[in-house]
Amino acid sequence: MDYSKQEFERLFKDNYPHMYRMAFSMVVNADDAKDAVHQVFAQIWKGKPKIADGSFRSYLLAATRNQCLHMLRSRQLQRQMENELQRDTAASESEEREDLLQQLQQVIDDNLTEQDRRVLSLHYDDEMTYEETATVLGISTSAVNKHITRSLAKIRQRFRQAK
């Protein structure tokens with residue numbers, strides 16, 4: 001069916017409200033509903049399908065329904081892909097973190113004294129202050145500070161060498 005510009009505008013104005021309401025009931029989003037209806041009209045303008053005059057509204061509603069279903073399927077696929085990507089990213093980050101923690105533990109075991117390890121463990125693992133750590137170990141707070149400062153410097157140095 002060939003349409004003049006005026007005929008096409010009349011078809012659009014006459015049928016848009018019905019198509020929009022149906023589209024909105026399916027996609028539950030005003031912008032998506034408008035997009036679906038506009039897509040149908042764009043396809044009709046480009047394709048100029050042969051439709052009997054009496055079944056034109058039925059054709060438009062069916063085309064709108066199909067366009068909405070396509071949009072919903074696309075949206076669902078996009079959500080699935082995003083979820084999968086998030087799972088992959090989280091798993092990858094978790095593995096990287098675990099690997100880094102293992103490397104850190106190896107550096108601590110290989111390069112620090114027993115006293116350095118105890119100081120770090122009490123301060124970082126048990127979240128004790130310098131004063132609490134000093135009291136538990138029977139050393140001064142300045143000694144705790146020296147152990148931590150020296151230990152962190154050794155750890156940094158080993159990681160720089162590893163790169």
# chains A, B, ... in the order shown; residues from 1 in each chain; ligands from 1
>>> residues_around(residues="range 128-140 of chain A", least_positions_apart="6", cutoff="9 Å", atoms="only C-alpha atoms", output="ChimeraX atom specification")
/A:115,118-119,122
>>> residues_around(residues="Leu11 in chain A", least_positions_apart="6", cutoff="10 Å", atoms="only C-alpha atoms", output="list in words")
Tyr3, Lys5, Phe41, Phe56, Arg57 and Leu60 of chain A
>>> select_by_dssp(residues="chain A", states="alpha helix (DSSP H)", output="ChimeraX atom specification")
/A:5-27,30-47,56-111,114-120,130-137,141-162
>>> write_last_selection(atoms="C-alpha atoms", output="compact mmCIF listing (two decimals), in the first residue's frame")
# COMPACT_ATOMS: atom_id res chain seq x y z
CA LYS A 5 2.43 11.90 3.44
CA GLN A 6 -1.05 13.11 4.46
CA GLU A 7 -2.50 9.58 4.50
CA PHE A 8 0.40 8.32 6.57
CA GLU A 9 0.00 11.18 9.07
CA ARG A 10 -3.73 10.40 9.34
CA LEU A 11 -2.99 6.70 9.98
CA PHE A 12 -0.44 7.70 12.59
CA LYS A 13 -2.79 10.11 14.39
CA ASP A 14 -5.74 7.71 14.27
CA ASN A 15 -3.86 4.67 15.53
CA TYR A 16 -1.09 6.01 17.75
CA PRO A 17 -3.15 6.22 20.99
CA HIS A 18 -4.30 2.58 20.75
CA MET A 19 -0.84 1.35 19.87
CA TYR A 20 0.80 3.37 22.62
CA ARG A 21 -1.60 2.09 25.31
CA MET A 22 -0.98 -1.51 24.28
CA ALA A 23 2.78 -0.97 24.12
CA PHE A 24 2.85 0.73 27.50
CA SER A 25 0.89 -2.13 29.08
CA MET A 26 3.57 -4.52 27.85
CA VAL A 27 6.83 -2.63 28.43
CA ALA A 30 6.63 5.51 28.45
CA ASP A 31 9.79 6.03 26.41
CA ASP A 32 10.02 2.36 25.42
CA ALA A 33 6.33 2.35 24.46
CA LYS A 34 6.83 5.41 22.25
CA ASP A 35 9.92 3.82 20.70
CA ALA A 36 8.03 0.62 19.92
CA VAL A 37 5.18 2.48 18.20
CA HIS A 38 7.55 4.71 16.26
CA GLN A 39 9.54 1.66 15.19
CA VAL A 40 6.38 0.05 13.80
CA PHE A 41 5.51 3.15 11.81
CA ALA A 42 9.07 3.46 10.54
CA GLN A 43 8.96 -0.14 9.32
CA ILE A 44 5.62 0.49 7.62
CA TRP A 45 6.91 3.62 5.91
CA LYS A 46 10.03 1.82 4.68
CA GLY A 47 8.42 -1.50 3.80
CA PHE A 56 -5.06 -2.18 9.17
CA ARG A 57 -5.66 -1.54 12.89
CA SER A 58 -5.27 -5.26 13.67
CA TYR A 59 -2.03 -5.30 11.71
CA LEU A 60 -0.69 -2.25 13.61
CA LEU A 61 -1.58 -3.73 16.99
CA ALA A 62 0.01 -7.07 16.09
CA ALA A 63 3.14 -5.32 14.82
CA THR A 64 3.29 -3.23 18.01
CA ARG A 65 2.90 -6.35 20.14
CA ASN A 66 5.72 -8.06 18.24
CA GLN A 67 7.96 -5.01 18.57
CA CYS A 68 7.32 -4.90 22.33
CA LEU A 69 8.10 -8.61 22.66
CA HIS A 70 11.33 -8.03 20.77
CA MET A 71 12.22 -5.16 23.12
CA LEU A 72 11.46 -7.28 26.18
CA ARG A 73 13.57 -10.18 24.90
CA SER A 74 16.43 -7.82 24.14
CA ARG A 75 16.16 -6.27 27.60
CA GLN A 76 16.15 -9.71 29.24
CA LEU A 77 19.20 -10.80 27.24
CA GLN A 78 21.00 -7.61 28.17
CA ARG A 79 20.26 -8.17 31.88
CA GLN A 80 21.48 -11.77 31.63
CA MET A 81 24.70 -10.64 29.96
CA GLU A 82 25.25 -7.91 32.55
CA ASN A 83 24.68 -10.38 35.40
CA GLU A 84 27.07 -12.86 33.84
CA LEU A 85 29.69 -10.17 33.37
CA GLN A 86 29.30 -9.04 36.98
CA ARG A 87 29.69 -12.63 38.21
CA ASP A 88 32.78 -13.12 36.05
CA THR A 89 34.27 -9.82 37.21
CA ALA A 90 33.56 -10.57 40.88
CA ALA A 91 35.06 -14.05 40.58
CA SER A 92 38.12 -12.68 38.80
CA GLU A 93 38.61 -9.93 41.39
CA SER A 94 38.20 -12.48 44.19
CA GLU A 95 40.81 -14.76 42.62
CA GLU A 96 43.22 -11.85 42.12
CA ARG A 97 42.73 -10.74 45.72
CA GLU A 98 43.29 -14.27 47.02
CA ASP A 99 46.44 -14.59 44.90
CA LEU A 100 47.74 -11.26 46.17
CA LEU A 101 47.04 -12.24 49.79
CA GLN A 102 48.93 -15.51 49.26
CA GLN A 103 51.88 -13.61 47.81
CA LEU A 104 51.80 -11.20 50.75
CA GLN A 105 51.76 -14.07 53.25
CA GLN A 106 54.70 -15.70 51.46
CA VAL A 107 56.70 -12.44 51.59
CA ILE A 108 55.90 -12.06 55.30
CA ASP A 109 56.88 -15.67 56.06
CA ASP A 110 60.13 -15.48 54.07
CA ASN A 111 61.38 -12.00 54.99
CA GLU A 114 59.02 -13.88 64.29
CA GLN A 115 58.71 -10.70 66.36
CA ASP A 116 57.86 -8.64 63.24
CA ARG A 117 55.15 -11.16 62.33
CA ARG A 118 53.68 -11.08 65.84
CA VAL A 119 53.58 -7.26 65.85
CA LEU A 120 51.92 -7.13 62.43
CA TYR A 130 50.30 0.38 69.16
CA GLU A 131 49.83 0.66 72.93
CA GLU A 132 47.82 -2.57 73.18
CA THR A 133 50.33 -4.40 71.00
CA ALA A 134 53.20 -3.11 73.13
CA THR A 135 51.47 -4.25 76.34
CA VAL A 136 50.77 -7.76 74.99
CA LEU A 137 54.35 -8.22 73.77
CA THR A 141 55.19 1.61 71.67
CA SER A 142 58.19 3.02 69.84
CA ALA A 143 59.46 -0.55 69.35
CA VAL A 144 56.05 -1.49 67.91
CA ASN A 145 56.32 1.49 65.56
CA LYS A 146 59.83 0.42 64.46
CA HIS A 147 58.74 -3.18 63.85
CA ILE A 148 55.77 -2.05 61.75
CA THR A 149 57.73 0.56 59.81
CA ARG A 150 60.60 -1.83 59.08
CA SER A 151 58.25 -4.71 58.18
CA LEU A 152 56.19 -2.61 55.77
CA ALA A 153 59.37 -1.32 54.11
CA LYS A 154 60.58 -4.92 53.60
CA ILE A 155 57.23 -5.96 52.17
CA ARG A 156 57.14 -3.02 49.75
CA GLN A 157 60.70 -3.74 48.66
CA ARG A 158 59.95 -7.40 47.94
CA PHE A 159 56.83 -6.53 45.93
CA ARG A 160 58.77 -3.96 43.88
CA GLN A 161 61.41 -6.59 43.15
CA ALA A 162 58.71 -9.06 42.11
